[in-house]
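Report on one structure; see the data block that follows.
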Amino acid sequence: MLARRRIDLWVLGLAGIMFPLYLPGPVGIASFFAICGLYVVFSNPRRTRSYVLSAYGVVVLYCAWSIFLIAMRGELETGNRQLGFMLLLFGATFIGHGLCLVRRPLRTFVLSTRIGSLAAFAVAFGMLMYHGHDLERYSGGGNAAIVALLVLLGAIVATIRLDQPPRFLPNGLQYIALASFPIFLTETRAVLILVPVLFVAEFFFWSLGWRPRVRNRSYAALLIGMGALLLLPPVQDMIIDRFYSVYEYYVAGANTYNMESGNIRLTMWASALAVIKQHPFTGVGLMDMFALMKVEAGSHAGMIDGFKHVHNFVLQELLANGVVGLVLLFAIPTALLLTVFRQTSQGSIRRCAVYFYGSVATFGLLHDPFYHELCLSTSMLFFGCHMAQFRRWNMLTLTAERKV
């Protein structure tokens, strides 16, 4: 335990550096802290009761409902992907207690994501310089859409204001600005629209502490800068290719663009809705989901062959666990947000939590961030760091200042 007091800090920091780079390490690190937290939770009845009655209890309830449905369907088998993820999610609820030896877990996580955001920018820039125009989409060696989401989440966490931050990792908006470059190279629509929205929102909150004259000039500079950015040829080409083409194809009726991915999504969503209408409350589970959807798709069944996800988290949750499961899924971030707003008055921590889960939800409307090991581990590390930090704050005296 004494040795781990020196090691755990760096292990947590390593996870924060690695996930914006799309490296698998955070999955193992999250598992390590979950195993460490298991004995802490059940070490005495008081800790167990506190665990169940906290935001962790909502996650446990969601997992229990999903596993109950899986058992009722007779699908308790090793090849069930849904069962594996529910067990992984349940295990991840012990991460926060596993961080008990990290003195300032949230600060450690924020500093490491700042390094990770800088590293993600450097890697993307290096890839562009090496491949030049031959680089079609920056994917980090995997799924470009997931890479874009993880880079954005890292930049969001990095914006939390720290008390006396290191000189080389200062507070500021530069992390979102730098993250926009690798995100731009991924060409992921669901994340590209979030970057300017989050940057402008956070810029507004930062500017509230400036003098009125400086604030007004900064707003003008921001408008000019964003206007100039839109005039750059690469940005215009990306907007035409990833956004305007969708309007032209589906609204104006032009057939000059390849919208195969869009047509596949529409086929999946229409088929999913037909299946959901037949099983609204309990869903059908992930094992039989696509088999039933293909029946509903009819002659278009070949378009959705080989897929594992519906690319819309609302529809997928309704298919997997029904309406009850969807309500419980939404209850998880709601429980953490209520905890955050109750435990701290610091605006940057509150906004970060809203940005984090808002970004995941927006991304999930076109993709599936929930059944991905790295996304799940990152989300639960974020969850666990906040809960561990709040637990440490609650051990302070009433007059002690709660700093990050």
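Naming works like this for the structure tokens: A, B, ... for the chains as they're shown, residue 1 at the start of each chain, ligands 1 onward in shown order.
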Contacts of Ala30 (chain A) at 7 Å or less, counting only C-alpha atoms, minus same-chain residues fewer than 2 places along, as number ranges by chain? A: 26-28, 32-34, 92, 95, 377, 381
Output all heavy atoms for every residue in that selection, as a PDB file, in the first residue's frame.
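What ended up in selection-v8.pdb:
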```pdb
ATOM      1  N   PRO A  26      -5.672   2.561 -21.221  1.00  0.00           N
ATOM      2  CA  PRO A  26      -6.683   2.910 -20.211  1.00  0.00           C
ATOM      3  C   PRO A  26      -7.638   1.779 -19.852  1.00  0.00           C
ATOM      4  O   PRO A  26      -8.178   1.766 -18.745  1.00  0.00           O
ATOM      5  CB  PRO A  26      -7.432   4.075 -20.872  1.00  0.00           C
ATOM      6  CG  PRO A  26      -6.412   4.717 -21.751  1.00  0.00           C
ATOM      7  CD  PRO A  26      -5.578   3.584 -22.278  1.00  0.00           C
ATOM      8  N   VAL A  27      -7.847   0.828 -20.766  1.00  0.00           N
ATOM      9  CA  VAL A  27      -8.722  -0.303 -20.451  1.00  0.00           C
ATOM     10  C   VAL A  27      -8.105  -1.141 -19.329  1.00  0.00           C
ATOM     11  O   VAL A  27      -8.770  -1.498 -18.355  1.00  0.00           O
ATOM     12  CB  VAL A  27      -8.968  -1.169 -21.699  1.00  0.00           C
ATOM     13  CG1 VAL A  27      -9.859  -2.362 -21.358  1.00  0.00           C
ATOM     14  CG2 VAL A  27      -9.589  -0.339 -22.813  1.00  0.00           C
ATOM     15  N   GLY A  28      -6.812  -1.433 -19.469  1.00  0.00           N
ATOM     16  CA  GLY A  28      -6.118  -2.192 -18.430  1.00  0.00           C
ATOM     17  C   GLY A  28      -5.975  -1.411 -17.143  1.00  0.00           C
ATOM     18  O   GLY A  28      -6.107  -1.977 -16.042  1.00  0.00           O
ATOM     19  N   PHE A  32      -7.364  -2.311 -13.460  1.00  0.00           N
ATOM     20  CA  PHE A  32      -6.494  -2.371 -12.285  1.00  0.00           C
ATOM     21  C   PHE A  32      -7.108  -1.634 -11.103  1.00  0.00           C
ATOM     22  O   PHE A  32      -7.202  -2.172  -9.986  1.00  0.00           O
ATOM     23  CB  PHE A  32      -5.122  -1.776 -12.637  1.00  0.00           C
ATOM     24  CG  PHE A  32      -4.264  -1.471 -11.446  1.00  0.00           C
ATOM     25  CD1 PHE A  32      -3.650  -2.497 -10.735  1.00  0.00           C
ATOM     26  CD2 PHE A  32      -4.074  -0.163 -11.030  1.00  0.00           C
ATOM     27  CE1 PHE A  32      -2.854  -2.216  -9.625  1.00  0.00           C
ATOM     28  CE2 PHE A  32      -3.284   0.128  -9.931  1.00  0.00           C
ATOM     29  CZ  PHE A  32      -2.671  -0.904  -9.224  1.00  0.00           C
ATOM     30  N   PHE A  33      -7.575  -0.410 -11.342  1.00  0.00           N
ATOM     31  CA  PHE A  33      -8.165   0.365 -10.246  1.00  0.00           C
ATOM     32  C   PHE A  33      -9.489  -0.237  -9.788  1.00  0.00           C
ATOM     33  O   PHE A  33      -9.848  -0.144  -8.604  1.00  0.00           O
ATOM     34  CB  PHE A  33      -8.357   1.821 -10.668  1.00  0.00           C
ATOM     35  CG  PHE A  33      -7.087   2.622 -10.671  1.00  0.00           C
ATOM     36  CD1 PHE A  33      -6.623   3.226 -11.831  1.00  0.00           C
ATOM     37  CD2 PHE A  33      -6.348   2.769  -9.513  1.00  0.00           C
ATOM     38  CE1 PHE A  33      -5.446   3.959 -11.829  1.00  0.00           C
ATOM     39  CE2 PHE A  33      -5.163   3.509  -9.500  1.00  0.00           C
ATOM     40  CZ  PHE A  33      -4.715   4.099 -10.669  1.00  0.00           C
ATOM     41  N   ALA A  34     -10.241  -0.846 -10.712  1.00  0.00           N
ATOM     42  CA  ALA A  34     -11.501  -1.490 -10.332  1.00  0.00           C
ATOM     43  C   ALA A  34     -11.242  -2.671  -9.395  1.00  0.00           C
ATOM     44  O   ALA A  34     -11.949  -2.849  -8.398  1.00  0.00           O
ATOM     45  CB  ALA A  34     -12.240  -1.950 -11.583  1.00  0.00           C
ATOM     46  N   ALA A  92     -16.367  -1.518 -13.465  1.00  0.00           N
ATOM     47  CA  ALA A  92     -15.810  -0.165 -13.516  1.00  0.00           C
ATOM     48  C   ALA A  92     -16.367   0.742 -12.431  1.00  0.00           C
ATOM     49  O   ALA A  92     -15.797   1.810 -12.165  1.00  0.00           O
ATOM     50  CB  ALA A  92     -16.068   0.459 -14.892  1.00  0.00           C
ATOM     51  N   ILE A  95     -13.842   1.764  -9.695  1.00  0.00           N
ATOM     52  CA  ILE A  95     -12.643   2.541 -10.020  1.00  0.00           C
ATOM     53  C   ILE A  95     -12.413   3.654  -9.000  1.00  0.00           C
ATOM     54  O   ILE A  95     -11.291   3.878  -8.536  1.00  0.00           O
ATOM     55  CB  ILE A  95     -12.751   3.128 -11.444  1.00  0.00           C
ATOM     56  CG1 ILE A  95     -12.638   2.013 -12.490  1.00  0.00           C
ATOM     57  CG2 ILE A  95     -11.670   4.184 -11.683  1.00  0.00           C
ATOM     58  CD1 ILE A  95     -12.858   2.485 -13.909  1.00  0.00           C
ATOM     59  N   SER A 377     -14.115   2.654 -20.743  1.00  0.00           N
ATOM     60  CA  SER A 377     -13.095   2.841 -19.711  1.00  0.00           C
ATOM     61  C   SER A 377     -12.827   4.316 -19.459  1.00  0.00           C
ATOM     62  O   SER A 377     -12.688   4.744 -18.303  1.00  0.00           O
ATOM     63  CB  SER A 377     -11.800   2.134 -20.140  1.00  0.00           C
ATOM     64  OG  SER A 377     -12.016   0.752 -20.328  1.00  0.00           O
ATOM     65  N   LEU A 381     -13.448   6.202 -15.951  1.00  0.00           N
ATOM     66  CA  LEU A 381     -12.334   6.867 -15.279  1.00  0.00           C
ATOM     67  C   LEU A 381     -12.711   8.311 -14.935  1.00  0.00           C
ATOM     68  O   LEU A 381     -12.397   8.809 -13.853  1.00  0.00           O
ATOM     69  CB  LEU A 381     -11.080   6.834 -16.163  1.00  0.00           C
ATOM     70  CG  LEU A 381     -10.305   5.519 -16.188  1.00  0.00           C
ATOM     71  CD1 LEU A 381      -9.275   5.521 -17.323  1.00  0.00           C
ATOM     72  CD2 LEU A 381      -9.596   5.274 -14.861  1.00  0.00           C
TER      73      LEU A 381
END
```
Would you mind listing what lies within 8 Å of Arg350 (chain A) as a PyMOL selection string, with only C-alpha atoms counted and same-chain residues fewer than 3 positions away left out? chain A and resi 337+340-341+344-347+353-354
For Phe204 (chain A), work out the shell of residues within 12 Å, counting only C-alpha atoms and skipping chain neighbours fewer than 3 positions away, then give it as a list in words. Leu173, Val197, Leu198, Phe199, Val200, Ala201, Ser207, Leu208, Gly209, Trp210, Arg215, Asn216, Ser218, Tyr219 and Leu222 of chain A
At a cut-off of 12 Å, using only C-alpha atoms, what residues contact Leu374 (chain A)? Leave out same-chain residues fewer than 5 positions from it and give the result as a compact mmCIF listing (two decimals) with all heavy atoms, in the first residue's frame.
```txt
# COMPACT_ATOMS: atom_id res chain seq x y z
N ALA A 15 -3.12 6.90 -17.97
CA ALA A 15 -4.41 6.68 -18.63
C ALA A 15 -4.91 7.95 -19.30
O ALA A 15 -5.41 7.92 -20.43
CB ALA A 15 -5.43 6.18 -17.61
N GLY A 16 -4.75 9.10 -18.60
CA GLY A 16 -5.19 10.37 -19.17
C GLY A 16 -4.39 10.78 -20.39
O GLY A 16 -4.91 11.46 -21.28
N MET A 18 -2.99 8.53 -22.50
CA MET A 18 -3.13 7.53 -23.54
C MET A 18 -4.45 7.56 -24.28
O MET A 18 -4.49 7.31 -25.49
CB MET A 18 -2.90 6.13 -22.95
CG MET A 18 -1.49 5.89 -22.46
SD MET A 18 -1.30 4.29 -21.64
CE MET A 18 -1.25 3.21 -23.06
N PHE A 19 -5.55 7.88 -23.59
CA PHE A 19 -6.83 7.74 -24.30
C PHE A 19 -7.03 8.75 -25.43
O PHE A 19 -7.64 8.39 -26.46
CB PHE A 19 -8.02 7.71 -23.31
CG PHE A 19 -8.50 9.04 -22.81
CD1 PHE A 19 -9.31 9.85 -23.59
CD2 PHE A 19 -8.21 9.47 -21.53
CE1 PHE A 19 -9.79 11.06 -23.12
CE2 PHE A 19 -8.68 10.66 -21.04
CZ PHE A 19 -9.48 11.47 -21.84
N PRO A 20 -6.53 10.01 -25.37
CA PRO A 20 -6.65 10.86 -26.56
C PRO A 20 -5.80 10.37 -27.74
O PRO A 20 -6.05 10.78 -28.88
CB PRO A 20 -6.16 12.23 -26.06
CG PRO A 20 -6.28 12.18 -24.58
CD PRO A 20 -5.99 10.77 -24.22
N LEU A 21 -4.84 9.50 -27.45
CA LEU A 21 -3.99 8.95 -28.50
C LEU A 21 -4.53 7.62 -29.04
O LEU A 21 -3.88 6.98 -29.85
CB LEU A 21 -2.57 8.74 -27.97
CG LEU A 21 -1.83 10.01 -27.55
CD1 LEU A 21 -0.52 9.66 -26.84
CD2 LEU A 21 -1.56 10.90 -28.76
N TYR A 22 -5.69 7.21 -28.55
CA TYR A 22 -6.34 5.96 -28.97
C TYR A 22 -5.45 4.76 -28.68
O TYR A 22 -5.37 3.82 -29.47
CB TYR A 22 -6.70 6.02 -30.46
CG TYR A 22 -7.71 4.97 -30.89
CD1 TYR A 22 -9.02 5.02 -30.43
CD2 TYR A 22 -7.35 3.95 -31.75
CE1 TYR A 22 -9.94 4.07 -30.82
CE2 TYR A 22 -8.28 2.99 -32.15
CZ TYR A 22 -9.57 3.06 -31.68
OH TYR A 22 -10.48 2.10 -32.06
N LEU A 23 -4.81 4.78 -27.54
CA LEU A 23 -4.00 3.65 -27.10
C LEU A 23 -4.84 2.82 -26.12
O LEU A 23 -5.61 3.36 -25.34
CB LEU A 23 -2.72 4.14 -26.43
CG LEU A 23 -1.75 4.90 -27.34
CD1 LEU A 23 -0.59 5.46 -26.54
CD2 LEU A 23 -1.24 4.02 -28.47
N PRO A 24 -4.70 1.50 -26.13
CA PRO A 24 -5.58 0.64 -25.33
C PRO A 24 -5.26 0.60 -23.84
O PRO A 24 -6.01 -0.01 -23.07
CB PRO A 24 -5.36 -0.75 -25.96
CG PRO A 24 -3.96 -0.70 -26.51
CD PRO A 24 -3.76 0.72 -26.98
N GLY A 25 -4.18 1.24 -23.42
CA GLY A 25 -3.76 1.18 -22.02
C GLY A 25 -4.82 1.52 -21.00
O GLY A 25 -4.91 0.87 -19.94
N PRO A 26 -5.67 2.56 -21.22
CA PRO A 26 -6.68 2.91 -20.21
C PRO A 26 -7.64 1.78 -19.85
O PRO A 26 -8.18 1.77 -18.75
CB PRO A 26 -7.43 4.08 -20.87
CG PRO A 26 -6.41 4.72 -21.75
CD PRO A 26 -5.58 3.58 -22.28
N VAL A 27 -7.85 0.83 -20.77
CA VAL A 27 -8.72 -0.30 -20.45
C VAL A 27 -8.10 -1.14 -19.33
O VAL A 27 -8.77 -1.50 -18.35
CB VAL A 27 -8.97 -1.17 -21.70
CG1 VAL A 27 -9.86 -2.36 -21.36
CG2 VAL A 27 -9.59 -0.34 -22.81
N GLY A 28 -6.81 -1.43 -19.47
CA GLY A 28 -6.12 -2.19 -18.43
C GLY A 28 -5.97 -1.41 -17.14
O GLY A 28 -6.11 -1.98 -16.04
N ILE A 29 -5.72 -0.11 -17.25
CA ILE A 29 -5.57 0.73 -16.05
C ILE A 29 -6.90 0.83 -15.30
O ILE A 29 -6.94 0.76 -14.07
CB ILE A 29 -5.05 2.12 -16.45
CG1 ILE A 29 -3.60 2.00 -16.97
CG2 ILE A 29 -5.11 3.09 -15.28
CD1 ILE A 29 -3.05 3.27 -17.57
N ALA A 30 -7.99 1.00 -16.04
CA ALA A 30 -9.31 1.04 -15.41
C ALA A 30 -9.60 -0.28 -14.70
O ALA A 30 -10.14 -0.29 -13.59
CB ALA A 30 -10.39 1.33 -16.46
N SER A 31 -9.21 -1.39 -15.32
CA SER A 31 -9.42 -2.71 -14.70
C SER A 31 -8.59 -2.85 -13.42
O SER A 31 -9.06 -3.40 -12.42
CB SER A 31 -9.05 -3.81 -15.69
OG SER A 31 -9.83 -3.73 -16.87
N PHE A 85 -20.11 -6.57 -21.76
CA PHE A 85 -20.00 -5.14 -21.49
C PHE A 85 -20.71 -4.75 -20.21
O PHE A 85 -20.28 -3.83 -19.51
CB PHE A 85 -20.54 -4.34 -22.68
CG PHE A 85 -19.51 -4.02 -23.70
CD1 PHE A 85 -19.27 -4.86 -24.76
CD2 PHE A 85 -18.73 -2.88 -23.59
CE1 PHE A 85 -18.30 -4.58 -25.70
CE2 PHE A 85 -17.76 -2.58 -24.52
CZ PHE A 85 -17.54 -3.43 -25.59
N LEU A 88 -18.34 -5.61 -17.52
CA LEU A 88 -17.24 -4.64 -17.54
C LEU A 88 -17.68 -3.32 -16.91
O LEU A 88 -16.93 -2.72 -16.11
CB LEU A 88 -16.77 -4.42 -18.97
CG LEU A 88 -15.60 -3.45 -19.19
CD1 LEU A 88 -14.35 -3.96 -18.49
CD2 LEU A 88 -15.33 -3.25 -20.68
N LEU A 89 -18.89 -2.88 -17.25
CA LEU A 89 -19.41 -1.63 -16.68
C LEU A 89 -19.61 -1.76 -15.18
O LEU A 89 -19.27 -0.84 -14.42
CB LEU A 89 -20.73 -1.27 -17.37
CG LEU A 89 -21.44 -0.01 -16.87
CD1 LEU A 89 -20.55 1.22 -17.03
CD2 LEU A 89 -22.76 0.20 -17.61
N GLY A 142 -7.07 3.18 -35.85
CA GLY A 142 -8.30 2.46 -35.54
C GLY A 142 -9.49 3.12 -36.18
O GLY A 142 -9.49 3.44 -37.37
N ASN A 143 -10.52 3.37 -35.39
CA ASN A 143 -11.77 3.97 -35.85
C ASN A 143 -11.66 5.49 -35.77
O ASN A 143 -11.51 6.05 -34.68
CB ASN A 143 -12.93 3.46 -34.99
CG ASN A 143 -14.28 3.89 -35.51
OD1 ASN A 143 -14.48 5.02 -35.91
ND2 ASN A 143 -15.22 2.96 -35.51
N ILE A 146 -14.24 7.23 -33.37
CA ILE A 146 -13.93 7.05 -31.94
C ILE A 146 -12.74 7.91 -31.54
O ILE A 146 -12.70 8.49 -30.45
CB ILE A 146 -13.67 5.57 -31.63
CG1 ILE A 146 -14.93 4.74 -31.89
CG2 ILE A 146 -13.21 5.39 -30.19
CD1 ILE A 146 -16.10 5.07 -30.99
N VAL A 147 -11.73 8.00 -32.43
CA VAL A 147 -10.57 8.84 -32.16
C VAL A 147 -11.01 10.29 -31.96
O VAL A 147 -10.56 10.97 -31.03
CB VAL A 147 -9.55 8.75 -33.31
CG1 VAL A 147 -8.47 9.81 -33.17
CG2 VAL A 147 -8.90 7.37 -33.33
N LEU A 149 -13.88 11.45 -30.98
CA LEU A 149 -14.59 11.61 -29.70
C LEU A 149 -13.61 11.63 -28.53
O LEU A 149 -13.71 12.48 -27.63
CB LEU A 149 -15.59 10.47 -29.51
CG LEU A 149 -16.31 10.45 -28.16
CD1 LEU A 149 -17.19 11.68 -27.99
CD2 LEU A 149 -17.13 9.17 -27.99
N LEU A 150 -12.65 10.71 -28.52
CA LEU A 150 -11.71 10.63 -27.40
C LEU A 150 -10.82 11.87 -27.32
O LEU A 150 -10.51 12.35 -26.23
CB LEU A 150 -10.85 9.37 -27.54
CG LEU A 150 -11.61 8.04 -27.36
CD1 LEU A 150 -10.71 6.86 -27.68
CD2 LEU A 150 -12.15 7.92 -25.94
N PRO A 369 -20.90 4.94 -28.88
CA PRO A 369 -19.75 5.04 -27.98
C PRO A 369 -19.84 4.11 -26.76
O PRO A 369 -18.89 4.01 -26.00
CB PRO A 369 -19.82 6.50 -27.52
CG PRO A 369 -21.29 6.81 -27.54
CD PRO A 369 -21.87 6.00 -28.68
N SER A 379 -14.90 6.88 -19.97
CA SER A 379 -16.06 7.46 -19.29
C SER A 379 -16.07 7.12 -17.80
O SER A 379 -16.37 7.96 -16.96
CB SER A 379 -17.35 6.99 -19.95
OG SER A 379 -17.43 7.42 -21.29
N MET A 380 -15.74 5.87 -17.48
CA MET A 380 -15.78 5.45 -16.09
C MET A 380 -14.58 5.97 -15.29
O MET A 380 -14.67 6.16 -14.08
CB MET A 380 -15.89 3.94 -15.99
CG MET A 380 -17.23 3.41 -16.49
SD MET A 380 -18.67 4.21 -15.73
CE MET A 380 -18.54 3.66 -14.02
N LEU A 381 -13.45 6.20 -15.95
CA LEU A 381 -12.33 6.87 -15.28
C LEU A 381 -12.71 8.31 -14.94
O LEU A 381 -12.40 8.81 -13.85
CB LEU A 381 -11.08 6.83 -16.16
CG LEU A 381 -10.30 5.52 -16.19
CD1 LEU A 381 -9.28 5.52 -17.32
CD2 LEU A 381 -9.60 5.27 -14.86
```
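With distances restricted to only C-alpha atoms, A:Val60 is the closest residue to Ala331 (chain A) from A:Leu273, A:Ala388, A:Val60, A:Ile35.
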Judged by only C-alpha atoms, the minimum distance to Arg137 (chain A) among A:Ile183, A:Val191, A:Met72, A:Ile176 is found for A:Ile183
Could you pull out the alpha helix (DSSP H) residues of region 138-342 of chain A from DSSP and send them as JSON, numbers by chain? {"A": [144, 145, 146, 147, 148, 149, 150, 151, 152, 153, 154, 155, 156, 157, 158, 174, 175, 176, 177, 178, 179, 180, 181, 182, 183, 184, 185, 186, 189, 190, 191, 192, 194, 195, 196, 197, 198, 199, 200, 201, 202, 203, 204, 205, 206, 207, 212, 213, 214, 215, 216, 217, 218, 219, 220, 221, 222, 223, 224, 225, 226, 227, 228, 229, 230, 233, 234, 235, 236, 237, 238, 239, 245, 246, 247, 248, 249, 250, 260, 261, 262, 263, 264, 265, 266, 267, 268, 269, 270, 271, 272, 273, 274, 275, 276, 277, 278, 286, 287, 288, 289, 290, 291, 292, 293, 294, 295, 296, 297, 313, 314, 315, 316, 317, 318, 319, 320, 321, 322, 323, 324, 325, 326, 327, 328, 329, 330, 331, 332, 333, 334, 335, 336, 337, 338, 339, 340, 341, 342]}
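Minimum atom-to-atom distance to Asn80 (chain A), evaluated using only C-alpha atoms, belongs to A:Lys308 out of A:Lys277, A:Arg107, A:Arg47, A:Lys308.
Comparing the minimum interatomic distances between Met293 (chain A) and each of A:Arg213, A:Ala274, A:Gly306, A:Arg49, counting only C-alpha atoms, we find that A:Ala274 sits nearest.
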Nearest to Lys294 (chain A) by atom-to-atom distance, counting only C-alpha atoms, from A:Ser54, A:Ser359, A:Thr282, A:Thr267: A:Thr267
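Take the candidates A:Ile17, A:Ala270, A:Cys385, A:Ile193 and check each one against Val404 (chain A) using only C-alpha atoms; the shortest distance goes to A:Cys385.
One distance worth recording is that between CA of Val123 (chain A) and CA of Tyr138 (chain A), which is 9.9 Å.
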Nearby residues (only C-alpha atoms) at most 12 Å from region 314-318 of chain A, same-chain spacing under 5 positions excluded, as an MDAnalysis selection string: chainID A and resid 62 66 82 265:266 268:287 289:290 293 308:309 323:330 361:371
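Taking CA of Leu376 (chain A) and CA of Glu202 (chain A) as the two end points, the separation is 25.4 Å.
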Got a sec: who's within 10 Å of Ala71 (chain A), counting only C-alpha atoms, leaving out chain neighbours fewer than 6 positions off, as a ChimeraX atom specification? /A:65,77,83
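Pairwise distance (CA of Met129 (chain A), CA of Ile240 (chain A)) equals 23.5 Å.
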